[in-house]
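Asker: To start, I am sharing the structure in question, which I have written as structure tokens.
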Amino acid sequence: MTLVSTFLLFSTVVLSACVPFIASAQLLLLSDDPLDIKMVFSDQTLDISTDSNNLVFEYIAQTTPALTRPQLLLAPGNRIDQLLRSNQPYCALNRIKTQKRAKQYLFSLPVHLYPSHRLYFLPLNIELSSFANAQGQLTDLNALLRAHPKTTLLTEAQRSYGDYLDAQLATVNKDQLIRRPGGDSYKSTIAMFERGRASFILTYPTTIQRYASALTLQQVQSLEIAHNPPFVLGHIACSDTPESRQFLQTVNDALRQLYQTEGFYDLHLRYLPESERAYFKKQLEQQTARALETTQ
């Protein structure tokens, strides 16, 4: 591990020491998003993932005030994956649960639900309609890229895009795939896209809304991806240790209660257009109900 990685992982973050939270002082929380260091455990609203994490932590602080909150540290995504496979008590925020990951470490109930990744692009002088179905969804990402070999797709090297898109990306021509490594990936990847470093980018609608400039938001176009789940569930993932199992039990107990509150749904809906809120809330209710059924 490099000196920089060591510093990022083990340098402590100055947070209010008196804020209560979790089951073991030994357990550490991890994130690969620098904004989480600033915003998690705060009372500010930022986005779906941050707000939902804070809702969970606040609920636990109120219901179990004797427990101590874990420390939150920053680490690169590939290092987080290594630590979650270790025999030490680590947990990471905002992780997608894939079939591969589910075999390697533990997951909480869903903490939040995101509108899924879309293919974004600024105006391009290429024909796209032949690659879309009647619903306007992109039917074959690889076919689109093969038909236009001078185009490039920008992704984040250390993130999973879910089972379907991960399989698609594995077969993309490597000369057309730009995979940005490192921390601060959401913000920096959008900045690369805006500078014209790639023709296309795979990202969340909420990420574009959060990081793109006003000019980009006016010009950007996108395609929903056929066969890709329309929503992505975010979880807390943990290594398999007694401390992390206790932590996940506490988190899941909180989520079972929060799923019954309007606040849980409101924090999702505030970031969506009014026209999409009823449909999104129905999807969220169905996903949380399904998650509860599978953990009974």
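Going by the structure tokens order, chains are called A, B, ..., each with residues numbered from 1, while ligands are numbered from 1 in the order shown.
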Mind running range 83-138 of chain A against range 226-245 of chain A at 9 Å and telling me each contacting residue's nearest atom pair with the distance in Å (one decimal), counting only C-alpha atoms, chain and number ascending, as a Markdown table?

Answerer:
```
| residue | atom | partner | partner_atom | distance |
| --- | --- | --- | --- | --- |
| A:Leu83 | CA | A:Ser239 | CA | 7.2 |
| A:Leu84 | CA | A:Ser239 | CA | 4.3 |
| A:Arg85 | CA | A:Ser239 | CA | 5.7 |
| A:Ser86 | CA | A:Ser239 | CA | 6.2 |
| A:Asn87 | CA | A:Thr241 | CA | 6.3 |
| A:Gln88 | CA | A:Thr241 | CA | 6.6 |
| A:Pro89 | CA | A:Ser244 | CA | 5.4 |
| A:Tyr90 | CA | A:Ser239 | CA | 5.6 |
| A:Cys91 | CA | A:Cys238 | CA | 4.0 |
| A:Ala92 | CA | A:Ala237 | CA | 5.3 |
| A:Leu93 | CA | A:Ile236 | CA | 4.8 |
| A:Asn94 | CA | A:Gly234 | CA | 5.0 |
| A:Arg95 | CA | A:His235 | CA | 5.1 |
| A:Ile96 | CA | A:Gly234 | CA | 5.3 |
| A:Lys97 | CA | A:His235 | CA | 7.0 |
| A:Gln104 | CA | A:Ser239 | CA | 8.2 |
| A:Tyr105 | CA | A:Ser239 | CA | 5.3 |
| A:Leu106 | CA | A:Cys238 | CA | 5.0 |
| A:Phe107 | CA | A:Ala237 | CA | 4.4 |
| A:Ser108 | CA | A:Ile236 | CA | 5.3 |
| A:Leu109 | CA | A:His235 | CA | 6.4 |
| A:Pro110 | CA | A:His235 | CA | 4.9 |
| A:Val111 | CA | A:His235 | CA | 5.2 |
| A:His112 | CA | A:Gly234 | CA | 5.2 |
| A:Leu113 | CA | A:Leu233 | CA | 4.6 |
| A:Tyr114 | CA | A:Val232 | CA | 5.1 |
| A:Pro115 | CA | A:Phe231 | CA | 4.5 |
| A:Ser116 | CA | A:Phe231 | CA | 4.4 |
| A:His117 | CA | A:Pro230 | CA | 8.0 |
| A:Ala132 | CA | A:Ala226 | CA | 8.5 |
| A:Asn133 | CA | A:Ala226 | CA | 8.1 |
| A:Gln135 | CA | A:Ala226 | CA | 8.9 |
| A:Gly136 | CA | A:Ala226 | CA | 8.8 |
| A:Gln137 | CA | A:Ala226 | CA | 5.2 |
| A:Leu138 | CA | A:Ala226 | CA | 5.5 |
```

Asker: Please build the interface table for range 37-156 of chain A against range 195-204 of chain A with a cut-off of 9 Å, listing for each qualifying residue the nearest atom pair and the distance in Å to one decimal; count only C-alpha atoms, order rows by chain and increasing number, and write it as JSON lines.

Answerer:
```
{"residue": "A:Tyr114", "atom": "CA", "partner": "A:Tyr204", "partner_atom": "CA", "distance": 7.7}
{"residue": "A:Pro115", "atom": "CA", "partner": "A:Tyr204", "partner_atom": "CA", "distance": 6.7}
{"residue": "A:Ser116", "atom": "CA", "partner": "A:Tyr204", "partner_atom": "CA", "distance": 5.9}
{"residue": "A:His117", "atom": "CA", "partner": "A:Tyr204", "partner_atom": "CA", "distance": 4.4}
{"residue": "A:Arg118", "atom": "CA", "partner": "A:Leu202", "partner_atom": "CA", "distance": 5.7}
{"residue": "A:Leu119", "atom": "CA", "partner": "A:Leu202", "partner_atom": "CA", "distance": 4.8}
{"residue": "A:Tyr120", "atom": "CA", "partner": "A:Ile201", "partner_atom": "CA", "distance": 5.2}
{"residue": "A:Phe121", "atom": "CA", "partner": "A:Phe200", "partner_atom": "CA", "distance": 4.9}
{"residue": "A:Leu122", "atom": "CA", "partner": "A:Ser199", "partner_atom": "CA", "distance": 7.5}
{"residue": "A:Leu124", "atom": "CA", "partner": "A:Ser199", "partner_atom": "CA", "distance": 7.8}
{"residue": "A:Lys150", "atom": "CA", "partner": "A:Ser199", "partner_atom": "CA", "distance": 8.9}
{"residue": "A:Thr151", "atom": "CA", "partner": "A:Ser199", "partner_atom": "CA", "distance": 5.5}
{"residue": "A:Thr152", "atom": "CA", "partner": "A:Ser199", "partner_atom": "CA", "distance": 5.1}
{"residue": "A:Leu153", "atom": "CA", "partner": "A:Phe200", "partner_atom": "CA", "distance": 4.7}
{"residue": "A:Leu154", "atom": "CA", "partner": "A:Ile201", "partner_atom": "CA", "distance": 4.7}
{"residue": "A:Thr155", "atom": "CA", "partner": "A:Leu202", "partner_atom": "CA", "distance": 6.0}
{"residue": "A:Glu156", "atom": "CA", "partner": "A:Leu202", "partner_atom": "CA", "distance": 8.7}
```

Asker: For those residues, write all heavy atoms to a file as a compact mmCIF listing (two decimals), in the first residue's frame.

Answerer:
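For reference, again_34.txt as written:
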```
# COMPACT_ATOMS: atom_id res chain seq x y z
N TYR A 114 -31.78 4.59 -5.45
CA TYR A 114 -31.41 5.59 -6.44
C TYR A 114 -32.03 5.25 -7.79
O TYR A 114 -32.06 4.09 -8.18
CB TYR A 114 -29.89 5.58 -6.64
CG TYR A 114 -29.13 6.65 -5.90
CD1 TYR A 114 -28.47 6.37 -4.71
CD2 TYR A 114 -29.05 7.94 -6.42
CE1 TYR A 114 -27.75 7.35 -4.05
CE2 TYR A 114 -28.33 8.92 -5.76
CZ TYR A 114 -27.68 8.62 -4.58
OH TYR A 114 -26.97 9.59 -3.93
N PRO A 115 -32.46 6.28 -8.54
CA PRO A 115 -32.71 6.03 -9.97
C PRO A 115 -31.41 5.52 -10.59
O PRO A 115 -30.33 6.04 -10.32
CB PRO A 115 -33.08 7.41 -10.50
CG PRO A 115 -33.57 8.17 -9.30
CD PRO A 115 -32.74 7.67 -8.16
N SER A 116 -31.49 4.49 -11.40
CA SER A 116 -30.31 3.78 -11.86
C SER A 116 -29.46 4.60 -12.83
O SER A 116 -29.86 5.66 -13.32
CB SER A 116 -30.72 2.47 -12.53
OG SER A 116 -29.60 1.63 -12.70
N HIS A 117 -28.26 4.06 -13.11
CA HIS A 117 -27.34 4.68 -14.05
C HIS A 117 -28.00 4.88 -15.41
O HIS A 117 -28.76 4.03 -15.88
CB HIS A 117 -26.10 3.81 -14.25
CG HIS A 117 -25.37 3.50 -12.98
ND1 HIS A 117 -25.64 2.38 -12.22
CD2 HIS A 117 -24.36 4.15 -12.36
CE1 HIS A 117 -24.84 2.35 -11.18
NE2 HIS A 117 -24.05 3.40 -11.23
N ARG A 118 -27.67 5.98 -16.03
CA ARG A 118 -28.07 6.26 -17.40
C ARG A 118 -26.82 6.57 -18.21
O ARG A 118 -25.76 6.89 -17.65
CB ARG A 118 -29.04 7.44 -17.46
CG ARG A 118 -30.35 7.21 -16.74
CD ARG A 118 -31.20 8.48 -16.70
NE ARG A 118 -31.69 8.86 -18.00
CZ ARG A 118 -32.89 8.51 -18.48
NH1 ARG A 118 -33.72 7.77 -17.74
NH2 ARG A 118 -33.28 8.89 -19.67
N LEU A 119 -26.94 6.49 -19.52
CA LEU A 119 -25.84 6.87 -20.40
C LEU A 119 -26.02 8.33 -20.77
O LEU A 119 -26.99 8.70 -21.44
CB LEU A 119 -25.84 6.00 -21.67
CG LEU A 119 -24.65 6.23 -22.60
CD1 LEU A 119 -23.37 5.65 -21.98
CD2 LEU A 119 -24.91 5.61 -23.97
N TYR A 120 -25.09 9.18 -20.32
CA TYR A 120 -25.17 10.62 -20.56
C TYR A 120 -24.19 11.03 -21.65
O TYR A 120 -23.10 10.46 -21.78
CB TYR A 120 -24.86 11.39 -19.28
CG TYR A 120 -26.01 11.39 -18.30
CD1 TYR A 120 -26.12 10.37 -17.35
CD2 TYR A 120 -26.99 12.37 -18.33
CE1 TYR A 120 -27.18 10.35 -16.45
CE2 TYR A 120 -28.05 12.35 -17.43
CZ TYR A 120 -28.14 11.34 -16.50
OH TYR A 120 -29.19 11.32 -15.62
N PHE A 121 -24.57 12.07 -22.40
CA PHE A 121 -23.70 12.58 -23.45
C PHE A 121 -24.10 14.02 -23.76
O PHE A 121 -25.27 14.41 -23.65
CB PHE A 121 -23.78 11.72 -24.71
CG PHE A 121 -25.19 11.48 -25.21
CD1 PHE A 121 -25.76 12.28 -26.19
CD2 PHE A 121 -25.96 10.45 -24.66
CE1 PHE A 121 -27.05 12.05 -26.63
CE2 PHE A 121 -27.25 10.22 -25.10
CZ PHE A 121 -27.80 11.02 -26.08
N LEU A 122 -23.12 14.82 -24.13
CA LEU A 122 -23.37 16.15 -24.66
C LEU A 122 -23.62 15.99 -26.15
O LEU A 122 -23.35 14.93 -26.72
CB LEU A 122 -22.18 17.06 -24.36
CG LEU A 122 -22.01 17.35 -22.85
CD1 LEU A 122 -20.68 18.04 -22.58
CD2 LEU A 122 -23.16 18.18 -22.32
N LEU A 124 -23.79 15.10 -29.76
CA LEU A 124 -22.86 14.34 -30.58
C LEU A 124 -23.39 14.27 -32.01
O LEU A 124 -24.59 14.17 -32.23
CB LEU A 124 -22.68 12.92 -30.04
CG LEU A 124 -22.04 12.76 -28.67
CD1 LEU A 124 -22.19 11.33 -28.19
CD2 LEU A 124 -20.56 13.16 -28.73
N LYS A 150 -14.65 5.72 -32.69
CA LYS A 150 -13.89 6.88 -32.22
C LYS A 150 -14.48 7.46 -30.93
O LYS A 150 -13.91 8.37 -30.34
CB LYS A 150 -13.84 7.96 -33.30
CG LYS A 150 -13.03 7.55 -34.52
CD LYS A 150 -12.91 8.70 -35.51
CE LYS A 150 -12.06 8.29 -36.71
NZ LYS A 150 -11.92 9.40 -37.69
N THR A 151 -15.62 6.94 -30.50
CA THR A 151 -16.22 7.42 -29.26
C THR A 151 -15.62 6.68 -28.07
O THR A 151 -15.07 5.59 -28.21
CB THR A 151 -17.75 7.23 -29.26
OG1 THR A 151 -18.04 5.83 -29.37
CG2 THR A 151 -18.39 7.99 -30.40
N THR A 152 -15.74 7.28 -26.89
CA THR A 152 -15.23 6.68 -25.66
C THR A 152 -16.27 6.77 -24.55
O THR A 152 -17.12 7.66 -24.55
CB THR A 152 -13.94 7.38 -25.20
OG1 THR A 152 -14.16 8.80 -25.12
CG2 THR A 152 -12.79 7.09 -26.14
N LEU A 153 -16.18 5.83 -23.63
CA LEU A 153 -17.09 5.76 -22.49
C LEU A 153 -16.30 5.94 -21.21
O LEU A 153 -15.32 5.22 -20.96
CB LEU A 153 -17.81 4.42 -22.48
CG LEU A 153 -18.67 4.10 -21.25
CD1 LEU A 153 -19.83 5.08 -21.13
CD2 LEU A 153 -19.18 2.66 -21.31
N LEU A 154 -16.71 6.88 -20.39
CA LEU A 154 -16.03 7.18 -19.13
C LEU A 154 -16.75 6.51 -17.97
O LEU A 154 -17.97 6.68 -17.80
CB LEU A 154 -15.99 8.69 -18.91
CG LEU A 154 -15.36 9.22 -17.63
CD1 LEU A 154 -13.90 8.79 -17.50
CD2 LEU A 154 -15.47 10.75 -17.58
N THR A 155 -16.03 5.73 -17.18
CA THR A 155 -16.58 5.08 -15.99
C THR A 155 -15.60 5.26 -14.84
O THR A 155 -14.51 5.82 -15.00
CB THR A 155 -16.81 3.57 -16.22
OG1 THR A 155 -15.54 2.94 -16.49
CG2 THR A 155 -17.75 3.33 -17.39
N GLU A 156 -15.99 4.76 -13.67
CA GLU A 156 -15.15 4.86 -12.48
C GLU A 156 -14.59 3.48 -12.17
O GLU A 156 -15.33 2.52 -12.00
CB GLU A 156 -15.97 5.40 -11.31
CG GLU A 156 -16.52 6.79 -11.61
CD GLU A 156 -17.59 7.21 -10.62
OE1 GLU A 156 -17.38 7.04 -9.42
OE2 GLU A 156 -18.64 7.69 -11.09
```

Asker: Could you check the closest approach to Gln62 in chain A for each of A:Ala254, A:Ile48, A:Leu74, A:Ala191 and tell me which residue wins, using only C-alpha atoms?

Answerer: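 For Gln62 in chain A, the nearest of the candidates is A:Ala254.
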
Asker: Got a sec: who's within 10 Å of range 263-279 of chain A, counting only C-alpha atoms, leaving out chain neighbours fewer than 6 positions off, as number ranges by chain?

Answerer: A: 45-52, 55-56, 111-115, 205-206, 209-210, 255, 257, 285

Asker: What gap, in Å, lies between CA of Leu144 in chain A and CA of Phe131 in chain A?

Answerer: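 Atom-to-atom, CA of Leu144 in chain A to CA of Phe131 in chain A, that is 6.4 Å.
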
Asker: Based on DSSP run over this structure's backbone, return all residues of range 17-190 of chain A in helix (DSSP H, G or I), as a compact mmCIF listing (two decimals) with N, CA, C and O atoms, in the first residue's frame.

Answerer:
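Heads up, here's the output in result35.txt:
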```txt
# COMPACT_ATOMS: atom_id res chain seq x y z
N PRO A 34 -15.05 11.91 -0.59
CA PRO A 34 -14.62 12.91 0.39
C PRO A 34 -15.75 13.74 0.97
O PRO A 34 -15.66 14.19 2.11
N LEU A 35 -16.83 13.93 0.20
CA LEU A 35 -17.94 14.71 0.73
C LEU A 35 -18.60 14.03 1.93
O LEU A 35 -19.16 14.69 2.79
N ASP A 36 -18.53 12.70 1.98
CA ASP A 36 -19.10 11.99 3.12
C ASP A 36 -18.41 12.38 4.41
O ASP A 36 -19.03 12.45 5.48
N ILE A 37 -17.10 12.62 4.34
CA ILE A 37 -16.35 13.00 5.54
C ILE A 37 -16.90 14.29 6.12
O ILE A 37 -16.97 14.47 7.34
N LYS A 38 -17.34 15.17 5.25
CA LYS A 38 -17.88 16.45 5.69
C LYS A 38 -19.34 16.36 6.08
O LYS A 38 -19.78 17.00 7.06
N MET A 39 -20.12 15.55 5.35
CA MET A 39 -21.57 15.63 5.47
C MET A 39 -22.21 14.54 6.32
O MET A 39 -23.26 14.75 6.92
N ILE A 48 -29.58 11.92 -1.75
CA ILE A 48 -30.31 10.78 -1.22
C ILE A 48 -29.43 9.93 -0.31
O ILE A 48 -29.84 9.56 0.80
N SER A 49 -28.23 9.59 -0.75
CA SER A 49 -27.39 8.68 0.04
C SER A 49 -26.97 9.30 1.36
O SER A 49 -27.07 8.67 2.42
N THR A 50 -26.49 10.53 1.32
CA THR A 50 -26.04 11.18 2.55
C THR A 50 -27.19 11.38 3.52
O THR A 50 -27.07 11.10 4.72
N ASP A 51 -28.31 11.85 3.01
CA ASP A 51 -29.46 12.10 3.88
C ASP A 51 -29.99 10.82 4.51
O ASP A 51 -30.40 10.81 5.67
N SER A 52 -30.01 9.73 3.74
CA SER A 52 -30.51 8.47 4.29
C SER A 52 -29.55 7.89 5.32
O SER A 52 -29.98 7.36 6.35
N ASN A 53 -28.24 7.97 5.06
CA ASN A 53 -27.28 7.53 6.07
C ASN A 53 -27.45 8.31 7.36
O ASN A 53 -27.48 7.75 8.46
N ASN A 54 -27.60 9.62 7.23
CA ASN A 54 -27.76 10.46 8.43
C ASN A 54 -29.06 10.16 9.16
O ASN A 54 -29.11 10.23 10.40
N LEU A 55 -30.11 9.85 8.42
CA LEU A 55 -31.37 9.49 9.06
C LEU A 55 -31.20 8.24 9.92
O LEU A 55 -31.69 8.17 11.05
N VAL A 56 -30.49 7.25 9.39
CA VAL A 56 -30.24 6.02 10.14
C VAL A 56 -29.41 6.31 11.39
O VAL A 56 -29.74 5.88 12.50
N PHE A 57 -28.32 7.05 11.23
CA PHE A 57 -27.43 7.33 12.36
C PHE A 57 -28.12 8.16 13.43
O PHE A 57 -27.93 7.93 14.63
N GLU A 58 -28.94 9.11 12.99
CA GLU A 58 -29.67 9.94 13.95
C GLU A 58 -30.69 9.10 14.72
O GLU A 58 -30.84 9.26 15.94
N TYR A 59 -31.37 8.21 14.02
CA TYR A 59 -32.34 7.34 14.70
C TYR A 59 -31.66 6.48 15.75
O TYR A 59 -32.16 6.35 16.89
N ILE A 60 -30.53 5.89 15.41
CA ILE A 60 -29.81 5.04 16.37
C ILE A 60 -29.30 5.86 17.54
O ILE A 60 -29.35 5.41 18.69
N ALA A 61 -28.82 7.07 17.26
CA ALA A 61 -28.34 7.93 18.35
C ALA A 61 -29.46 8.26 19.34
O ALA A 61 -29.24 8.33 20.55
N GLN A 62 -30.68 8.44 18.81
CA GLN A 62 -31.81 8.79 19.66
C GLN A 62 -32.34 7.59 20.44
O GLN A 62 -32.80 7.74 21.58
N THR A 63 -32.29 6.42 19.82
CA THR A 63 -32.89 5.24 20.45
C THR A 63 -31.90 4.45 21.30
O THR A 63 -32.32 3.70 22.19
N GLY A 77 -11.65 2.99 -3.35
CA GLY A 77 -12.62 1.91 -3.46
C GLY A 77 -12.01 0.52 -3.46
O GLY A 77 -12.56 -0.40 -2.84
N ASN A 78 -10.86 0.35 -4.14
CA ASN A 78 -10.27 -0.99 -4.16
C ASN A 78 -9.73 -1.39 -2.79
O ASN A 78 -9.75 -2.56 -2.42
N ARG A 79 -9.26 -0.41 -2.02
CA ARG A 79 -8.80 -0.70 -0.66
C ARG A 79 -9.98 -1.06 0.23
O ARG A 79 -9.87 -1.95 1.10
N ILE A 80 -11.10 -0.39 0.05
CA ILE A 80 -12.29 -0.71 0.81
C ILE A 80 -12.70 -2.16 0.56
O ILE A 80 -13.04 -2.90 1.49
N ASP A 81 -12.68 -2.59 -0.69
CA ASP A 81 -13.03 -3.97 -1.02
C ASP A 81 -12.12 -4.95 -0.28
O ASP A 81 -12.57 -5.99 0.22
N GLN A 82 -10.85 -4.64 -0.21
CA GLN A 82 -9.91 -5.51 0.50
C GLN A 82 -10.24 -5.58 1.99
O GLN A 82 -10.24 -6.67 2.59
N LEU A 83 -10.53 -4.44 2.59
CA LEU A 83 -10.82 -4.41 4.02
C LEU A 83 -12.13 -5.11 4.36
O LEU A 83 -12.26 -5.73 5.41
N LEU A 84 -13.10 -5.03 3.46
CA LEU A 84 -14.37 -5.70 3.70
C LEU A 84 -14.24 -7.22 3.61
O LEU A 84 -15.10 -7.95 4.10
N GLN A 99 -24.05 -10.05 -6.86
CA GLN A 99 -23.93 -11.47 -6.51
C GLN A 99 -22.52 -11.79 -6.04
O GLN A 99 -22.33 -12.54 -5.08
N LYS A 100 -21.51 -11.21 -6.68
CA LYS A 100 -20.13 -11.46 -6.29
C LYS A 100 -19.85 -10.92 -4.89
O LYS A 100 -19.27 -11.60 -4.04
N ARG A 101 -20.27 -9.69 -4.64
CA ARG A 101 -20.01 -9.08 -3.34
C ARG A 101 -20.75 -9.80 -2.22
O ARG A 101 -20.24 -9.89 -1.10
N ALA A 102 -21.95 -10.27 -2.49
CA ALA A 102 -22.74 -10.94 -1.46
C ALA A 102 -22.05 -12.20 -0.95
O ALA A 102 -22.32 -12.65 0.17
N SER A 129 -30.71 6.72 -32.75
CA SER A 129 -32.05 6.14 -32.73
C SER A 129 -32.05 4.66 -33.08
O SER A 129 -32.89 3.90 -32.58
N SER A 130 -31.11 4.21 -33.91
CA SER A 130 -31.09 2.80 -34.30
C SER A 130 -30.65 1.89 -33.16
O SER A 130 -30.77 0.66 -33.27
N PHE A 131 -30.16 2.47 -32.08
CA PHE A 131 -29.72 1.69 -30.93
C PHE A 131 -30.71 1.77 -29.76
O PHE A 131 -30.41 1.32 -28.67
N LEU A 141 -25.29 -1.38 -25.42
CA LEU A 141 -24.20 -0.43 -25.21
C LEU A 141 -23.00 -0.76 -26.09
O LEU A 141 -22.40 0.12 -26.72
N ASN A 142 -22.64 -2.04 -26.15
CA ASN A 142 -21.48 -2.45 -26.94
C ASN A 142 -21.69 -2.21 -28.43
O ASN A 142 -20.77 -1.81 -29.15
N ALA A 143 -22.90 -2.45 -28.91
CA ALA A 143 -23.18 -2.23 -30.33
C ALA A 143 -23.03 -0.75 -30.68
O ALA A 143 -22.51 -0.40 -31.75
N LEU A 144 -23.49 0.11 -29.79
CA LEU A 144 -23.35 1.55 -30.01
C LEU A 144 -21.88 1.95 -30.11
O LEU A 144 -21.48 2.68 -31.02
N LEU A 145 -21.07 1.46 -29.20
CA LEU A 145 -19.66 1.82 -29.20
C LEU A 145 -18.92 1.21 -30.40
O LEU A 145 -18.06 1.86 -31.00
N ARG A 146 -19.27 -0.02 -30.75
CA ARG A 146 -18.62 -0.64 -31.90
C ARG A 146 -18.95 0.10 -33.20
O ARG A 146 -18.11 0.24 -34.10
N ALA A 147 -20.18 0.58 -33.30
CA ALA A 147 -20.59 1.29 -34.50
C ALA A 147 -19.91 2.65 -34.63
O ALA A 147 -19.81 3.20 -35.73
N ASP A 163 -24.92 -5.88 -11.39
CA ASP A 163 -24.59 -7.10 -12.13
C ASP A 163 -24.72 -6.93 -13.64
O ASP A 163 -23.84 -7.35 -14.40
N TYR A 164 -25.80 -6.32 -14.10
CA TYR A 164 -26.03 -6.22 -15.54
C TYR A 164 -24.98 -5.35 -16.22
O TYR A 164 -24.34 -5.76 -17.20
N LEU A 165 -24.78 -4.12 -15.72
CA LEU A 165 -23.84 -3.22 -16.37
C LEU A 165 -22.39 -3.67 -16.19
O LEU A 165 -21.57 -3.46 -17.08
N ASP A 166 -22.08 -4.27 -15.05
CA ASP A 166 -20.72 -4.80 -14.88
C ASP A 166 -20.40 -5.82 -15.96
O ASP A 166 -19.29 -5.85 -16.51
N ALA A 167 -21.37 -6.68 -16.29
CA ALA A 167 -21.17 -7.66 -17.35
C ALA A 167 -21.02 -6.99 -18.70
O ALA A 167 -20.20 -7.41 -19.54
N GLN A 168 -21.79 -5.95 -18.96
CA GLN A 168 -21.68 -5.20 -20.21
C GLN A 168 -20.31 -4.54 -20.34
O GLN A 168 -19.65 -4.63 -21.38
N LEU A 169 -19.86 -3.91 -19.28
CA LEU A 169 -18.59 -3.20 -19.32
C LEU A 169 -17.41 -4.14 -19.50
O LEU A 169 -16.38 -3.77 -20.07
N LYS A 174 -11.49 -2.20 -24.85
CA LYS A 174 -10.69 -1.47 -23.85
C LYS A 174 -10.18 -0.13 -24.39
O LYS A 174 -9.95 0.80 -23.62
N ASP A 175 -10.01 -0.02 -25.73
CA ASP A 175 -9.55 1.24 -26.30
C ASP A 175 -10.62 2.32 -26.20
O ASP A 175 -10.32 3.51 -26.33
N GLN A 176 -11.87 1.92 -26.00
CA GLN A 176 -12.97 2.88 -25.90
C GLN A 176 -13.43 3.11 -24.47
O GLN A 176 -14.34 3.91 -24.25
N SER A 185 -14.22 10.48 -6.86
CA SER A 185 -14.45 10.05 -8.23
C SER A 185 -15.70 10.66 -8.85
O SER A 185 -15.70 10.97 -10.04
N TYR A 186 -16.78 10.82 -8.09
CA TYR A 186 -17.98 11.36 -8.68
C TYR A 186 -17.72 12.75 -9.26
O TYR A 186 -17.98 13.03 -10.43
N LYS A 187 -17.21 13.63 -8.43
CA LYS A 187 -16.98 15.01 -8.85
C LYS A 187 -15.96 15.09 -9.98
O LYS A 187 -16.16 15.78 -10.98
N SER A 188 -14.85 14.37 -9.84
CA SER A 188 -13.78 14.44 -10.83
C SER A 188 -14.20 13.81 -12.15
O SER A 188 -13.81 14.27 -13.23
N THR A 189 -14.99 12.73 -12.09
CA THR A 189 -15.43 12.08 -13.31
C THR A 189 -16.37 13.00 -14.10
O THR A 189 -16.26 13.10 -15.33
N ILE A 190 -17.27 13.67 -13.42
CA ILE A 190 -18.15 14.63 -14.10
C ILE A 190 -17.32 15.76 -14.70
O ILE A 190 -17.58 16.21 -15.83
```

Asker: Pick the closest to Ala75 in chain A from A:Ser31, A:Thr295, A:Gln26, A:Gln283: which is it, counting only C-alpha atoms?

Answerer: A:Ser31
